[in-house]
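Written out below as structure tokens is the structure these notes cover.
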Amino acid sequence: MRWLRTLWRIMLLLCVALVATPVSAAQPAPADVSLRAWPSVRDVLPGGVVSVELMAHNLGEGRASYTRVELEYVREEINPFRTSLNAPGMWVSELGSRRLVIEFDQLNPDEERRALIFFRVNENLPSGFRIIARARVQWQDSNGKRNAGTNPLIITVTGSQPAEPRASITPTVAAANSPVRVSVAHYFPNETIVLWLNLPDGSVRPVRETAQSDGAGTAEFELRLPDLAPGAYTLVVCGHVSRITQVATLTITPDRTMGP
């Protein structure tokens with residue numbers, strides 16, 4: 001039975017060794033931040049405006065403790081004048097003649113954050129000139145600091161004269177309580193359009209609805225203006241960023257569906 005006692009002692013020692021050996025902690029999952037950068041237009045007029053949207057998206061299973069996006073450009077070609085950030089904690093940490101740095105703060109798994117930068121193009125750039133910008137992202141996670149870049153952003157300057165902003169209403173004569181369509185063109189790209197009415201008695205009435213221009217600075221939307229007495233009105237269409245202001249006239253006729 002000696003061999004049995006020896007086997008028992010060996011098994012006991014193995015159990016003690018397994019219990020005493022610490023189990024290594026699982027390595028935290030890393031973050032995987034993807035950066036997309038694209039301009040609102042590929043062709044732009046001298047003196048015109050172009051916006052660049054930066055989107056950082058964490059595709060990994062871990063958290064990025066901080067995320068920083070750098071956009072390289074040449075201020076003599078395009079000059080930044082406004083930024084729009086979509087989340088609290090984001091801020092511009094550097095604004096120079098060659099680069100702009102935005103702190104995107106931490107990014108949780110599957111979280112994305114966006115920044116929109118508006119640039120004014122140098123009005124003296126010749127037709128055919130190519131503006132080239134580059135964007136990079138840096139973040140830190142459980143594996144340390146990591147970074148990634150994007151393809152160059154290329155915008156070509158055209159030689160045409162700048163188009164005049166405009167706003168129009170269709171139809172220009174409408175019955176009370178009926179909808180009208182508003183069209184806007186040649187405003188700033190991706191800006192909010194605010195509206196108000198000048199009433200026949202000279203007073204002003206705000207319009208609660210707003211619109212958003214697309215990457216080409218255009219917008220088309222339906223607007224319903226209830227409780228307007230018959231008469232001649234002026235709709236004021238103003239760009240929230242550009243302050244471009246256009247007016248369109250509208251004549252309201254009695255609503256025949258309401259009876260005499």
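Quick note on naming: the chains in the structure tokens go A, B, ... in the order shown, residues restart at 1 in each chain, and ligands are numbered from 1 in order of appearance.
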
Write down as number ranges by chain the residues of region 13-244 of chain A whose backbone DSSP state falls under alpha helix (DSSP H).
A: 13-20

Export of prior selection with N, CA and C atoms as a compact mmCIF listing (two decimals), in the first residue's frame:
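File produced: out12.txt:
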```txt
# COMPACT_ATOMS: atom_id res chain seq x y z
N LEU A 13 -0.03 17.32 -3.32
CA LEU A 13 0.91 18.39 -3.66
C LEU A 13 0.47 19.13 -4.92
N LEU A 14 -0.04 18.41 -5.91
CA LEU A 14 -0.51 19.06 -7.15
C LEU A 14 -1.69 19.98 -6.87
N CYS A 15 -2.61 19.58 -6.03
CA CYS A 15 -3.76 20.41 -5.69
C CYS A 15 -3.33 21.68 -4.98
N VAL A 16 -2.37 21.52 -4.03
CA VAL A 16 -1.86 22.69 -3.31
C VAL A 16 -1.19 23.66 -4.27
N ALA A 17 -0.42 23.13 -5.24
CA ALA A 17 0.28 23.98 -6.20
C ALA A 17 -0.71 24.73 -7.09
N LEU A 18 -1.78 24.06 -7.49
CA LEU A 18 -2.76 24.72 -8.35
C LEU A 18 -3.48 25.84 -7.61
N VAL A 19 -3.79 25.60 -6.34
CA VAL A 19 -4.46 26.63 -5.54
C VAL A 19 -3.54 27.81 -5.30
N ALA A 20 -2.26 27.57 -5.09
CA ALA A 20 -1.32 28.64 -4.76
C ALA A 20 -0.92 29.45 -5.96
```

Shell of 7 Å around Asn108 (chain A), only C-alpha atoms, local chain residues under 4 positions omitted, as a ChimeraX atom specification
/A:58,62-64

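Rounded to one decimal, CA of Arg113 (chain A) and CA of Arg82 (chain A) lie 17.4 Å from each other.
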
Calculated over only C-alpha atoms, which of the candidates A:Leu225, A:Ala29, A:Leu235, A:Ala219 has the smallest distance to Glu191 (chain A)?
A:Ala219

Find the residues of region 29-128 of chain A that sit at most 8 Å from region 153-175 of chain A; for each, write down the nearest two atoms and how far apart they are in Å, to one decimal. Count only C-alpha atoms. Sort by chain, then by number going up, and give it as a tab-separated table.
```
residue	atom	partner	partner_atom	distance
A:Ala37	CA	A:Leu153	CA	7.6
A:Trp38	CA	A:Leu153	CA	6.6
A:Pro39	CA	A:Leu153	CA	7.0
A:Val41	CA	A:Ile155	CA	7.3
A:Arg42	CA	A:Ile155	CA	4.8
A:Asp43	CA	A:Thr156	CA	4.8
A:Val44	CA	A:Val157	CA	5.0
A:Leu45	CA	A:Thr158	CA	5.3
A:Pro46	CA	A:Val157	CA	6.4
A:Gly48	CA	A:Pro162	CA	7.3
A:Leu125	CA	A:Val157	CA	7.2
A:Pro126	CA	A:Val157	CA	7.0
A:Ser127	CA	A:Gly159	CA	4.5
A:Gly128	CA	A:Val157	CA	5.3
```

Output file for the selection above: N, CA, C and O atoms, as a PDB file, in the first residue's frame:
```
ATOM      1  N   ALA A  37     -12.966  61.240 -42.730  1.00  0.00           N
ATOM      2  CA  ALA A  37     -12.881  62.679 -42.964  1.00  0.00           C
ATOM      3  C   ALA A  37     -13.283  62.952 -44.402  1.00  0.00           C
ATOM      4  O   ALA A  37     -12.763  62.308 -45.316  1.00  0.00           O
ATOM      5  N   TRP A  38     -14.216  63.858 -44.610  1.00  0.00           N
ATOM      6  CA  TRP A  38     -14.615  64.164 -45.974  1.00  0.00           C
ATOM      7  C   TRP A  38     -15.071  65.627 -46.065  1.00  0.00           C
ATOM      8  O   TRP A  38     -15.671  66.169 -45.136  1.00  0.00           O
ATOM      9  N   PRO A  39     -14.777  66.277 -47.189  1.00  0.00           N
ATOM     10  CA  PRO A  39     -15.215  67.662 -47.394  1.00  0.00           C
ATOM     11  C   PRO A  39     -16.647  67.710 -47.896  1.00  0.00           C
ATOM     12  O   PRO A  39     -17.158  66.744 -48.466  1.00  0.00           O
ATOM     13  N   VAL A  41     -17.727  69.548 -50.336  1.00  0.00           N
ATOM     14  CA  VAL A  41     -17.704  69.640 -51.798  1.00  0.00           C
ATOM     15  C   VAL A  41     -16.320  69.237 -52.292  1.00  0.00           C
ATOM     16  O   VAL A  41     -15.338  69.283 -51.546  1.00  0.00           O
ATOM     17  N   ARG A  42     -16.247  68.819 -53.560  1.00  0.00           N
ATOM     18  CA  ARG A  42     -14.966  68.491 -54.178  1.00  0.00           C
ATOM     19  C   ARG A  42     -14.434  69.641 -55.024  1.00  0.00           C
ATOM     20  O   ARG A  42     -13.245  69.684 -55.339  1.00  0.00           O
ATOM     21  N   ASP A  43     -15.324  70.546 -55.428  1.00  0.00           N
ATOM     22  CA  ASP A  43     -14.943  71.730 -56.189  1.00  0.00           C
ATOM     23  C   ASP A  43     -15.478  72.944 -55.453  1.00  0.00           C
ATOM     24  O   ASP A  43     -16.633  72.941 -55.001  1.00  0.00           O
ATOM     25  N   VAL A  44     -14.667  73.981 -55.347  1.00  0.00           N
ATOM     26  CA  VAL A  44     -15.067  75.150 -54.583  1.00  0.00           C
ATOM     27  C   VAL A  44     -14.607  76.403 -55.307  1.00  0.00           C
ATOM     28  O   VAL A  44     -13.600  76.398 -56.021  1.00  0.00           O
ATOM     29  N   LEU A  45     -15.360  77.490 -55.115  1.00  0.00           N
ATOM     30  CA  LEU A  45     -15.033  78.755 -55.755  1.00  0.00           C
ATOM     31  C   LEU A  45     -14.019  79.526 -54.930  1.00  0.00           C
ATOM     32  O   LEU A  45     -13.971  79.397 -53.702  1.00  0.00           O
ATOM     33  N   PRO A  46     -13.186  80.357 -55.545  1.00  0.00           N
ATOM     34  CA  PRO A  46     -12.317  81.261 -54.775  1.00  0.00           C
ATOM     35  C   PRO A  46     -13.163  82.142 -53.863  1.00  0.00           C
ATOM     36  O   PRO A  46     -14.178  82.699 -54.287  1.00  0.00           O
ATOM     37  N   GLY A  48     -14.988  81.027 -51.546  1.00  0.00           N
ATOM     38  CA  GLY A  48     -16.140  80.258 -51.093  1.00  0.00           C
ATOM     39  C   GLY A  48     -15.893  79.600 -49.747  1.00  0.00           C
ATOM     40  O   GLY A  48     -14.860  79.794 -49.100  1.00  0.00           O
ATOM     41  N   LEU A 125      -6.819  82.303 -54.977  1.00  0.00           N
ATOM     42  CA  LEU A 125      -6.315  81.047 -55.517  1.00  0.00           C
ATOM     43  C   LEU A 125      -6.758  80.900 -56.970  1.00  0.00           C
ATOM     44  O   LEU A 125      -7.902  81.194 -57.312  1.00  0.00           O
ATOM     45  N   PRO A 126      -5.859  80.438 -57.845  1.00  0.00           N
ATOM     46  CA  PRO A 126      -6.212  80.327 -59.265  1.00  0.00           C
ATOM     47  C   PRO A 126      -7.096  79.118 -59.534  1.00  0.00           C
ATOM     48  O   PRO A 126      -7.142  78.157 -58.755  1.00  0.00           O
ATOM     49  N   SER A 127      -7.795  79.181 -60.662  1.00  0.00           N
ATOM     50  CA  SER A 127      -8.622  78.052 -61.084  1.00  0.00           C
ATOM     51  C   SER A 127      -7.743  76.830 -61.339  1.00  0.00           C
ATOM     52  O   SER A 127      -6.670  76.926 -61.923  1.00  0.00           O
ATOM     53  N   GLY A 128      -8.192  75.677 -60.860  1.00  0.00           N
ATOM     54  CA  GLY A 128      -7.431  74.445 -61.015  1.00  0.00           C
ATOM     55  C   GLY A 128      -6.523  74.135 -59.847  1.00  0.00           C
ATOM     56  O   GLY A 128      -5.954  73.034 -59.777  1.00  0.00           O
TER      57      GLY A 128
END
```

Of the listed residues A:Asn86, A:Asn124, A:Ser40, A:Asn151, that which approaches Ser213 (chain A) most closely, counting only C-alpha atoms:
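Closest to Ser213 (chain A) of all the choices is A:Ser40.
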
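The shortest atom-to-atom distance to Asn79 (chain A), with only C-alpha atoms taken into account, belongs to A:Ala133 out of A:Ala248, A:Ala185, A:Leu228, A:Ala133.
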
All strand (DSSP E) residues (DSSP, backbone) inside region 137-247 of chain A, as a PyMOL selection string
chain A and resi 137-141+144-149+153-157+166-170+173-175+179-185+192-198+204-212+219-224+231-239+245-247

Determine the nearest neighbour of Glu103 (chain A) from the options A:Gly89, A:Pro230, A:Pro206, A:Gly47, counting only C-alpha atoms.
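Closest candidate: A:Gly89.
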
Selected residue, from A:Asn190, A:Ser65, A:Thr210, A:Thr251, that lies nearest to Asn143 (chain A) when counting only C-alpha atoms:
A:Ser65

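The nearest approach to Thr253 (chain A) among the residues A:Ile132, A:Ala232, A:Ala211, A:Val182, with only C-alpha atoms taken into account, belongs to A:Ala232.
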
Residue neighbourhood Val241 (chain A), 12 Å, only C-alpha atoms, exclusion window fewer than 4 positions, as a list in words
Val49, Ser51, Phe81, Arg82, Thr83, Ser84, Ile117, Phe118, Phe119, Tyr187, Phe188, Pro189, Asn190, Glu191, Thr192, Ile193, Val194, Gln212, Ser213, Gly217 and Thr245 of chain A

Residues as selected, C-alpha atoms, written as a PDB file, in the first residue's frame, can you do that?
```
ATOM      1  CA  VAL A  49     -16.793  78.123 -48.028  1.00  0.00           C
ATOM      2  CA  SER A  51     -16.734  72.300 -44.455  1.00  0.00           C
ATOM      3  CA  PHE A  81     -13.473  80.246 -38.928  1.00  0.00           C
ATOM      4  CA  ARG A  82     -15.972  78.009 -37.108  1.00  0.00           C
ATOM      5  CA  THR A  83     -16.278  74.545 -35.561  1.00  0.00           C
ATOM      6  CA  SER A  84     -19.341  72.545 -34.547  1.00  0.00           C
ATOM      7  CA  ILE A 117     -14.959  72.574 -39.369  1.00  0.00           C
ATOM      8  CA  PHE A 118     -15.834  75.454 -41.687  1.00  0.00           C
ATOM      9  CA  PHE A 119     -13.104  76.956 -43.893  1.00  0.00           C
ATOM     10  CA  TYR A 187     -25.986  79.067 -48.493  1.00  0.00           C
ATOM     11  CA  PHE A 188     -23.159  77.592 -46.399  1.00  0.00           C
ATOM     12  CA  PRO A 189     -22.950  73.786 -46.456  1.00  0.00           C
ATOM     13  CA  ASN A 190     -24.538  71.908 -43.549  1.00  0.00           C
ATOM     14  CA  GLU A 191     -25.888  74.941 -41.732  1.00  0.00           C
ATOM     15  CA  THR A 192     -29.186  75.470 -39.934  1.00  0.00           C
ATOM     16  CA  ILE A 193     -31.707  77.669 -41.730  1.00  0.00           C
ATOM     17  CA  VAL A 194     -33.905  79.815 -39.444  1.00  0.00           C
ATOM     18  CA  GLN A 212     -30.663  72.074 -42.673  1.00  0.00           C
ATOM     19  CA  SER A 213     -28.746  72.791 -45.855  1.00  0.00           C
ATOM     20  CA  GLY A 217     -25.627  74.658 -49.416  1.00  0.00           C
ATOM     21  CA  THR A 245     -30.454  86.525 -45.435  1.00  0.00           C
TER      22      THR A 245
END
```
